[in-house]
>>> print(open('data_32.pdb').read())   # PDB, C-alpha atoms and all ligand atoms
ATOM      1  CA  MET A   1     132.023 132.191 112.371
ATOM      2  CA  PRO A   2     132.375 131.941 108.590
ATOM      3  CA  THR A   3     129.391 132.970 106.476
ATOM      4  CA  GLU A   4     127.651 130.317 104.344
ATOM      5  CA  ARG A   5     129.078 132.045 101.294
ATOM      6  CA  ARG A   6     132.649 131.845 102.608
ATOM      7  CA  LEU A   7     132.217 128.199 103.550
ATOM      8  CA  TYR A   8     130.903 127.468 100.062
ATOM      9  CA  LYS A   9     133.850 129.283  98.496
ATOM     10  CA  ILE A  10     136.387 127.362 100.617
ATOM     11  CA  SER A  11     134.634 124.098  99.804
ATOM     12  CA  GLN A  12     134.915 124.763  96.061
ATOM     13  CA  VAL A  13     138.557 125.849  96.261
ATOM     14  CA  ILE A  14     139.636 122.901  98.398
ATOM     15  CA  HIS A  15     137.947 120.329  96.135
ATOM     16  CA  GLN A  16     139.128 121.936  92.898
ATOM     17  CA  ARG A  17     142.801 122.255  93.886
ATOM     18  CA  GLN A  18     144.937 120.368  91.339
ATOM     19  CA  LEU A  19     147.824 119.245  93.497
ATOM     20  CA  ASP A  20     149.439 117.086  90.825
ATOM     21  CA  ILE A  21     150.605 120.206  89.021
ATOM     22  CA  VAL A  22     153.760 121.645  90.552
ATOM     23  CA  ILE A  23     155.262 124.968  89.540
ATOM     24  CA  GLY A  24     159.053 125.126  89.602
ATOM     25  CA  LEU A  25     160.769 128.502  89.801
ATOM     26  CA  ASP A  26     164.432 128.219  88.936
ATOM     27  CA  HIS A  27     166.439 131.119  90.430
ATOM     28  CA  ILE A  28     163.660 133.671  90.145
ATOM     29  CA  HIS A  29     164.945 136.794  91.872
ATOM     30  CA  ASP A  30     162.255 139.423  91.481
ATOM     31  CA  GLN A  31     159.850 139.664  94.404
ATOM     32  CA  HIS A  32     157.108 141.041  92.134
ATOM     33  CA  ASN A  33     157.418 138.121  89.735
ATOM     34  CA  LEU A  34     157.281 135.598  92.574
ATOM     35  CA  SER A  35     154.220 137.311  94.076
ATOM     36  CA  ALA A  36     152.462 137.434  90.705
ATOM     37  CA  VAL A  37     153.110 133.715  90.074
ATOM     38  CA  ILE A  38     151.714 132.809  93.503
ATOM     39  CA  ARG A  39     148.577 134.810  92.745
ATOM     40  CA  SER A  40     148.129 133.218  89.300
ATOM     41  CA  ALA A  41     148.731 129.737  90.736
ATOM     42  CA  ASP A  42     145.975 130.204  93.299
ATOM     43  CA  ALA A  43     143.629 131.718  90.721
ATOM     44  CA  ALA A  44     144.102 128.887  88.248
ATOM     45  CA  GLY A  45     143.589 126.227  90.935
ATOM     46  CA  PHE A  46     147.163 125.103  91.674
ATOM     47  CA  GLY A  47     148.766 125.069  95.066
ATOM     48  CA  ARG A  48     152.367 123.853  94.931
ATOM     49  CA  ILE A  49     155.405 125.932  94.090
ATOM     50  CA  ILE A  50     158.997 124.832  94.475
ATOM     51  CA  TRP A  51     161.502 127.634  94.239
ATOM     52  CA  THR A  52     165.232 128.264  94.238
ATOM     53  CA  PRO A  53     165.705 131.955  95.006
ATOM     54  CA  ASP A  54     168.536 133.716  93.209
ATOM     55  CA  PHE A  55     169.648 135.412  96.394
ATOM     56  CA  LYS A  56     168.250 135.919  99.862
ATOM     57  CA  MET A  57     165.294 138.272  99.772
ATOM     58  CA  THR A  58     164.350 140.109 102.936
ATOM     59  CA  GLU A  59     160.665 140.119 101.977
ATOM     60  CA  LYS A  60     159.805 137.138  99.816
ATOM     61  CA  VAL A  61     156.324 138.119  98.813
ATOM     62  CA  ASN A  62     154.815 141.492  98.059
ATOM     63  CA  PRO A  63     151.252 141.367  99.437
ATOM     64  CA  GLU A  64     150.199 144.220  97.146
ATOM     65  CA  ILE A  65     150.826 141.885  94.229
ATOM     66  CA  SER A  66     150.068 138.477  95.702
ATOM     67  CA  ARG A  67     146.827 139.776  97.299
ATOM     68  CA  GLY A  68     147.240 137.269 100.103
ATOM     69  CA  ALA A  69     147.452 134.242  97.780
ATOM     70  CA  GLU A  70     150.546 133.038  99.703
ATOM     71  CA  ARG A  71     148.219 131.740 102.406
ATOM     72  CA  TRP A  72     146.692 129.297  99.921
ATOM     73  CA  VAL A  73     149.768 128.250  97.981
ATOM     74  CA  ASP A  74     152.514 125.995  99.323
ATOM     75  CA  LEU A  75     155.860 127.658  98.643
ATOM     76  CA  ASN A  76     158.871 125.441  99.317
ATOM     77  CA  LEU A  77     162.400 126.750  99.034
ATOM     78  CA  TYR A  78     165.383 124.692  97.908
ATOM     79  CA  ASP A  79     169.057 125.509  97.415
ATOM     80  CA  ASP A  80     168.982 123.308  94.366
ATOM     81  CA  LEU A  81     165.828 122.396  92.448
ATOM     82  CA  LYS A  82     167.296 119.417  90.585
ATOM     83  CA  PRO A  83     167.190 116.799  93.420
ATOM     84  CA  GLU A  84     163.593 117.793  94.142
ATOM     85  CA  LEU A  85     162.684 117.478  90.474
ATOM     86  CA  LEU A  86     164.286 114.024  90.332
ATOM     87  CA  LYS A  87     162.287 113.008  93.397
ATOM     88  CA  LEU A  88     159.060 114.159  91.769
ATOM     89  CA  LYS A  89     160.042 112.333  88.581
ATOM     90  CA  SER A  90     160.405 109.106  90.577
ATOM     91  CA  GLN A  91     156.872 109.718  91.902
ATOM     92  CA  GLY A  92     155.471 109.779  88.355
ATOM     93  CA  TYR A  93     155.646 113.448  87.479
ATOM     94  CA  LYS A  94     157.010 114.628  84.156
ATOM     95  CA  ILE A  95     159.107 117.756  83.901
ATOM     96  CA  ALA A  96     158.388 120.523  81.390
ATOM     97  CA  ALA A  97     161.045 123.227  81.109
ATOM     98  CA  THR A  98     159.957 126.508  79.539
ATOM     99  CA  HIS A  99     162.965 126.787  77.309
ATOM    100  CA  MET A 100     163.004 127.888  73.723
ATOM    101  CA  ALA A 101     165.451 125.262  72.448
ATOM    102  CA  ARG A 102     165.377 123.756  68.977
ATOM    103  CA  LYS A 103     163.485 120.718  70.235
ATOM    104  CA  ALA A 104     160.920 122.763  72.168
ATOM    105  CA  VAL A 105     157.221 122.217  71.471
ATOM    106  CA  ASP A 106     154.266 124.608  71.601
ATOM    107  CA  PHE A 107     152.969 124.507  75.209
ATOM    108  CA  ARG A 108     149.432 123.800  73.963
ATOM    109  CA  THR A 109     150.433 120.444  72.467
ATOM    110  CA  ILE A 110     151.205 118.918  75.886
ATOM    111  CA  ASP A 111     148.633 116.713  77.635
ATOM    112  CA  TRP A 112     148.359 118.684  80.882
ATOM    113  CA  THR A 113     145.808 116.332  82.416
ATOM    114  CA  LYS A 114     148.776 114.216  83.591
ATOM    115  CA  PRO A 115     150.953 115.086  86.621
ATOM    116  CA  TRP A 116     153.524 117.684  85.555
ATOM    117  CA  VAL A 117     156.114 119.952  87.068
ATOM    118  CA  VAL A 118     156.401 123.029  84.895
ATOM    119  CA  VAL A 119     159.609 124.970  85.414
ATOM    120  CA  PHE A 120     160.082 128.674  84.719
ATOM    121  CA  GLY A 121     163.510 130.247  84.588
ATOM    122  CA  ASN A 122     165.508 133.175  85.806
ATOM    123  CA  GLU A 123     164.581 136.618  84.471
ATOM    124  CA  HIS A 124     167.892 136.910  82.580
ATOM    125  CA  ARG A 125     169.398 133.455  82.214
ATOM    126  CA  GLY A 126     166.276 131.352  81.719
ATOM    127  CA  VAL A 127     166.050 127.728  82.950
ATOM    128  CA  SER A 128     169.420 126.246  84.072
ATOM    129  CA  ASP A 129     171.102 123.726  81.787
ATOM    130  CA  ASP A 130     171.058 120.927  84.401
ATOM    131  CA  ILE A 131     167.278 121.248  84.636
ATOM    132  CA  VAL A 132     166.819 121.369  80.869
ATOM    133  CA  GLU A 133     168.874 118.140  80.765
ATOM    134  CA  ILE A 134     166.445 116.204  82.962
ATOM    135  CA  ALA A 135     163.269 117.713  81.450
ATOM    136  CA  ASP A 136     160.912 115.398  79.576
ATOM    137  CA  GLU A 137     159.792 118.282  77.363
ATOM    138  CA  ASN A 138     160.968 121.766  76.508
ATOM    139  CA  ILE A 139     158.000 123.995  75.881
ATOM    140  CA  PHE A 140     157.570 127.484  74.457
ATOM    141  CA  LEU A 141     154.849 130.083  74.094
ATOM    142  CA  PRO A 142     154.939 131.292  70.492
ATOM    143  CA  MET A 143     156.418 134.770  70.122
ATOM    144  CA  LEU A 144     155.097 136.487  67.012
ATOM    145  CA  GLY A 145     156.419 140.001  67.607
ATOM    146  CA  PHE A 146     159.907 141.506  67.815
ATOM    147  CA  VAL A 147     160.660 140.805  71.489
ATOM    148  CA  GLN A 148     162.251 137.467  72.313
ATOM    149  CA  SER A 149     160.531 136.522  75.532
ATOM    150  CA  LEU A 150     157.700 137.284  77.916
ATOM    151  CA  ASN A 151     158.017 138.378  81.503
ATOM    152  CA  ILE A 152     158.222 135.191  83.590
ATOM    153  CA  SER A 153     155.019 135.886  85.511
ATOM    154  CA  VAL A 154     153.134 136.437  82.262
ATOM    155  CA  ALA A 155     154.539 133.228  80.749
ATOM    156  CA  ALA A 156     153.507 131.399  83.934
ATOM    157  CA  ALA A 157     149.971 132.825  83.942
ATOM    158  CA  VAL A 158     149.363 131.933  80.298
ATOM    159  CA  THR A 159     150.730 128.393  80.777
ATOM    160  CA  LEU A 160     148.747 127.804  83.974
ATOM    161  CA  TYR A 161     145.526 128.874  82.306
ATOM    162  CA  GLU A 162     146.135 126.467  79.399
ATOM    163  CA  ILE A 163     146.585 123.701  81.979
ATOM    164  CA  GLN A 164     143.366 124.840  83.624
ATOM    165  CA  ARG A 165     141.535 124.900  80.264
ATOM    166  CA  GLN A 166     142.540 121.327  79.440
ATOM    167  CA  ARG A 167     141.711 120.041  82.900
ATOM    168  CA  GLN A 168     138.372 121.827  82.925
ATOM    169  CA  GLU A 169     137.502 120.287  79.567
ATOM    170  CA  ALA A 170     138.415 116.879  81.014
ATOM    171  CA  GLY A 171     136.081 117.504  83.990
ATOM    172  CA  MET A 172     138.928 117.455  86.500
ATOM    173  CA  TYR A 173     137.593 120.467  88.418
ATOM    174  CA  ASP A 174     134.204 118.795  88.880
ATOM    175  CA  LEU A 175     135.518 115.920  90.964
ATOM    176  CA  ASN A 176     135.480 115.560  94.732
ATOM    177  CA  ALA A 177     138.918 115.715  96.282
ATOM    178  CA  SER A 178     140.045 112.829  98.464
ATOM    179  CA  ALA A 179     139.535 113.162 102.232
ATOM    180  CA  GLU A 180     143.368 113.230 102.499
ATOM    181  CA  GLN A 181     143.605 116.261 100.244
ATOM    182  CA  VAL A 182     140.882 118.062 102.177
ATOM    183  CA  LYS A 183     142.547 117.273 105.530
ATOM    184  CA  ASP A 184     145.947 118.278 104.237
ATOM    185  CA  LEU A 185     144.757 121.655 102.909
ATOM    186  CA  TYR A 186     142.573 122.230 105.979
ATOM    187  CA  ASN A 187     145.684 121.960 108.153
ATOM    188  CA  LYS A 188     147.952 123.938 105.820
ATOM    189  CA  TRP A 189     145.421 126.751 105.556
ATOM    190  CA  ASN A 190     144.784 126.801 109.339
ATOM    191  CA  LEU A 191     141.051 126.694 108.752
ATOM    192  CA  SER A 192     140.340 125.729 112.365
ATOM    193  CA  GLU A 193     141.442 129.257 113.275
ATOM    194  CA  ASP A 194     138.584 130.525 111.103
ATOM    195  CA  HIS A 195     136.187 128.323 113.168
ATOM    196  CA  ILE A 196     135.587 126.005 110.231
ATOM    197  CA  GLN A 197     134.933 122.329 111.002
ATOM    198  CA  LEU A 198     136.927 119.812 108.965
ATOM    199  CA  ASN A 199     133.813 117.623 108.598
ATOM    200  CA  SER A 200     131.909 120.423 106.884
ATOM    201  CA  LEU A 201     134.448 120.316 104.056
ATOM    202  CA  ILE A 202     134.958 116.602 103.425
ATOM    203  CA  THR A 203     131.984 116.506 101.046
ATOM    204  CA  ARG A 204     131.916 119.244  98.439
ATOM    205  CA  MET A 205     129.052 121.712  98.807
ATOM    206  CA  THR A 206     126.750 121.706  95.807
ATOM    207  CA  GLY A 207     124.171 124.098  94.363
ATOM    208  CA  PRO A 208     124.472 127.809  93.651
ATOM    209  CA  MET A 209     126.724 130.081  95.671
ATOM    210  CA  PRO A 210     124.849 131.443  98.714
ATOM    211  CA  GLU A 211     123.779 135.110  98.549
ATOM    212  CA  SER A 212     126.311 137.741  99.384
ATOM    213  CA  ASP A 213     126.225 139.682 102.636
ATOM    214  CA  HIS A 214     128.086 142.585 104.224
ATOM    215  CA  GLN A 215     131.230 140.687 105.044
ATOM    216  CA  ASP A 216     132.039 139.463 101.588
ATOM    217  CA  GLY A 217     130.898 140.356  98.100
ATOM    218  CA  ARG A 218     131.396 144.113  98.342
ATOM    219  CA  GLU A 219     129.585 144.727  95.084
ATOM    220  CA  ASN A 220     126.289 143.653  96.645
ATOM    221  CA  SER A 221     126.698 145.284 100.023
ATOM    222  CA  LYS A 222     124.153 147.919 101.003
ATOM    223  CA  PHE A 223     126.853 150.571 100.880
ATOM    224  CA  PHE A 224     127.814 149.760  97.315
ATOM    225  CA  LEU A 225     124.202 149.485  96.147
ATOM    226  CA  LYS A 226     123.520 152.921  97.641
ATOM    227  CA  MET A 227     126.568 154.398  95.924
ATOM    228  CA  LYS A 228     125.520 152.835  92.639
ATOM    229  CA  GLU A 229     122.019 154.262  92.984
ATOM    230  CA  LYS A 230     123.489 157.709  93.698
ATOM    231  CA  PHE A 231     125.834 157.450  90.747
ATOM    232  CA  LEU A 232     123.047 156.455  88.348
ATOM    233  CA  LYS A 233     120.827 159.299  89.625
ATOM    234  CA  ASN A 234     123.559 161.880  88.957
ATOM    235  CA  LYS A 235     124.242 160.645  85.453
TER     236      LYS A 235
HETATM  237  C1  LIG A 301     162.612 136.708  80.485
HETATM  238  S1  LIG A 301     162.566 135.000  80.269
HETATM  239  C2  LIG A 301     164.277 134.564  80.173
HETATM  240  C3  LIG A 301     164.841 134.797  78.855
HETATM  241  C4  LIG A 301     166.240 134.231  78.742
HETATM  242  N1  LIG A 301     167.062 135.151  78.062
HETATM  243  C5  LIG A 301     166.221 132.882  78.024
HETATM  244  O1  LIG A 301     166.947 132.730  77.066
HETATM  245  O2  LIG A 301     165.484 131.969  78.419
HETATM  246  C6  LIG A 301     162.220 134.384  81.873
HETATM  247  C7  LIG A 301     161.441 133.121  81.873
HETATM  248  O3  LIG A 301     160.120 133.362  81.396
HETATM  249  C8  LIG A 301     159.620 132.224  80.721
HETATM  250  N2  LIG A 301     159.320 132.602  79.340
HETATM  251  C9  LIG A 301     159.352 133.836  78.821
HETATM  252  N3  LIG A 301     158.968 133.829  77.537
HETATM  253  C10 LIG A 301     158.683 132.548  77.230
HETATM  254  C11 LIG A 301     158.211 131.888  76.056
HETATM  255  N4  LIG A 301     157.947 132.547  74.958
HETATM  256  N5  LIG A 301     158.029 130.558  76.100
HETATM  257  C12 LIG A 301     158.263 129.871  77.252
HETATM  258  N6  LIG A 301     158.710 130.448  78.381
HETATM  259  C13 LIG A 301     158.897 131.761  78.379
HETATM  260  C14 LIG A 301     160.682 131.167  80.826
HETATM  261  O4  LIG A 301     160.458 130.408  81.974
HETATM  262  C15 LIG A 301     161.944 132.001  80.997
HETATM  263  O5  LIG A 301     162.959 131.262  81.609
END
>>> encode(input="data_32.pdb", output="structure tokens", more="lines below")
Ligand SMILES: C[S@@+](CC[C@H](N)C(=O)[O-])C[C@H]1O[C@@H](n2cnc3c(N)ncnc32)[C@H](O)[C@@H]1O
Amino acid sequence: MPTERRLYKISQVIHQRQLDIVIGLDHIHDQHNLSAVIRSADAAGFGRIIWTPDFKMTEKVNPEISRGAERWVDLNLYDDLKPELLKLKSQGYKIAATHMARKAVDFRTIDWTKPWVVVFGNEHRGVSDDIVEIADENIFLPMLGFVQSLNISVAAAVTLYEIQRQRQEAGMYDLNASAEQVKDLYNKWNLSEDHIQLNSLITRMTGPMPESDHQDGRENSKFFLKMKEKFLKNK
């Protein structure tokens, strides 16, 4: 059975998930970069990644780097990202390509409270031309030093946290998710296997986070408190 604290945590995550932000990864080939983006996506509150791998990887995700975030993030693979992007466009999404072209704009000037697909490019070649062509905006993160670009996972993390900042300011993380979203994520995350009832999640839990116990919140477990006490005594 899940602890009250775990249930509370899942309730917050499920209701805060911003599913109208999609992360596009165009021919990303490095397993570490992919794993880091998945982890940042989950951390910032986003749960949809569409990805064209550069070649077939035997192990897609490195759990040392993703820290298990792949369970909470939908990763869909495509041979070609463009048709999927066009489909999303027809559903009302806009496409932002992270591409430092002449017409590119500072990523902070975009209104990220709207539905967006933000596309990051290959480690060497950047975003493909055919994707740049259909993008509504080209965006860049200002580079004030001597190097020309950031690592893709760093560029993604910085961008995702700007999206989070704007959406937080707009109160978008304070809303209750629709019952459809909750049901959808409940099924995707196999929460029934954790003995969690769907009904317990439909309405967002409110109030402070329940106290920690042995199973989660290591920092407050008896073991850690004892170690801390010992450490302070020996100082
Ligand atoms: C190492 S960069 C690729 C550099 C490549 N030579 C190019 O011209 O685009 C890999 C990816 O990280 C992202 N990226 C890195 N630095 C960026 C920046 N300053 N602004 C926006 N995106 C950036 C982009 O998605 C880029 O396609």
>>> residues_near_ligand(input="data_32.pdb", ligand="ligand LIG 301 (chain A)", cutoff="7 Å", atoms="all atoms listed in the file", output="list of chain:residue names")
A:Thr98, A:His99, A:Met100, A:Val119, A:Phe120, A:Gly121, A:Asn122, A:Glu123, A:His124, A:Arg125, A:Gly126, A:Val127, A:Ile139, A:Phe140, A:Leu141, A:Pro142, A:Met143, A:Ser149, A:Leu150, A:Asn151, A:Ile152, A:Ala155, A:Ala156
>>> axis_aligned_box(input="data_32.pdb", around="segment 120-126 of chain A", padding_each_side="8 Å", output="JSON")
{"center_x": 164.7, "center_y": 132.8, "center_z": 83.8, "size_x": 25.3, "size_y": 24.2, "size_z": 20.1}
>>> resolve_selection(input="data_32.pdb", expression="the PyMOL selection byres (((chain A and resi 85) around 9) and not hetatm)", output="VMD selection string")
chain A and resid 24 81 to 84 86 to 90 93 to 95 117 131 134
>>> atom_distance(input="data_32.pdb", atom1="atom CA of His27 of chain A", atom2="atom CA of Trp51 of chain A")
7.1 Å
>>> closest_residue(input="data_32.pdb", among="A:Ala44, A:Ile202, A:Leu7, A:Leu160", to="Ala177 of chain A", atoms="only C-alpha atoms")
A:Ile202
>>> resolve_selection(input="data_32.pdb", expression="the PyMOL selection byres (((chain A and resi 30-39) around 8) and not hetatm)", output="list in words")
Ile28, His29, Ser40, Ala41, Asp42, Ala43, Ile49, Met57, Glu59, Lys60, Val61, Asn62, Pro63, Ile65, Ser66, Arg67, Gly68, Ala69, Glu70, Val73, Glu123, Ile152, Ser153, Ala156 and Ala157 of chain A
>>> closest_residue(input="data_32.pdb", among="A:Val22, A:Leu198, A:Met1, A:Val158", to="Asp74 of chain A", atoms="all atoms listed in the file")
A:Val22
>>> residues_around(input="data_32.pdb", residues="Tyr8 of chain A", least_positions_apart="3", cutoff="7 Å", atoms="only C-alpha atoms", output="list of chain:residue names")
A:Glu4, A:Arg5, A:Ser11, A:Gln12, A:Met205, A:Met209
>>> resolve_selection(input="data_32.pdb", expression="the PyMOL selection byres (((chain A and resi 194) around 12) and not hetatm)", output="list in words")
Met1, Pro2, Thr3, Arg6, Leu7, Ile10, Tyr186, Asn187, Trp189, Asn190, Leu191, Ser192, Glu193, His195, Ile196, Gln197 and Leu198 of chain A
>>> atom_distance(input="data_32.pdb", atom1="atom CA of Ala97 of chain A", atom2="atom CA of Thr159 of chain A")
11.5 Å
>>> atom_distance(input="data_32.pdb", atom1="atom CA of Ala135 of chain A", atom2="atom CA of Ala96 of chain A")
5.6 Å
>>> residues_around(input="data_32.pdb", residues="Asp79 of chain A", least_positions_apart="5", cutoff="12 Å", atoms="only C-alpha atoms", output="MDAnalysis selection string")
chainID A and resid 25:27 50:56 84
>>> residues_near_point(input="data_32.pdb", point="(140.0, 125.9, 82.9)", cutoff="12 Å", atoms="all atoms listed in the file", output="VMD selection string")
chain A and resid 16 to 18 43 to 46 112 to 113 158 to 174
>>> closest_residue(input="data_32.pdb", among="A:Ser128, A:Asn138, A:Asn76, A:Gln91", to="Asp106 of chain A", atoms="only C-alpha atoms")
A:Asn138
>>> decode(input="data_32.pdb", residues="segment 155-174 of chain A", atoms="C-alpha atoms", output="short mmCIF file (atom, residue, chain, number, x, y, z; two decimals), in the first residue's frame")
data_model
loop_
_atom_site.label_atom_id
_atom_site.label_comp_id
_atom_site.auth_asym_id
_atom_site.auth_seq_id
_atom_site.Cartn_x
_atom_site.Cartn_y
_atom_site.Cartn_z
CA ALA A 155 19.78 23.70 -23.56
CA ALA A 156 16.67 21.57 -22.97
CA ALA A 157 16.80 21.92 -19.18
CA VAL A 158 17.20 25.70 -19.32
CA THR A 159 14.36 26.05 -21.86
CA LEU A 160 12.03 23.74 -19.93
CA TYR A 161 12.57 25.68 -16.73
CA GLU A 162 11.75 28.97 -18.49
CA ILE A 163 8.51 27.35 -19.68
CA GLN A 164 7.88 26.22 -16.12
CA ARG A 165 8.61 29.71 -14.75
CA GLN A 166 6.11 31.36 -17.10
CA ARG A 167 3.44 28.76 -16.47
CA GLN A 168 3.94 28.94 -12.72
CA GLU A 169 3.58 32.72 -12.83
CA ALA A 170 0.35 32.24 -14.81
CA GLY A 171 -0.95 29.83 -12.12
CA MET A 172 -1.04 26.88 -14.51
CA TYR A 173 0.46 24.48 -11.95
CA ASP A 174 -2.24 25.35 -9.41
#
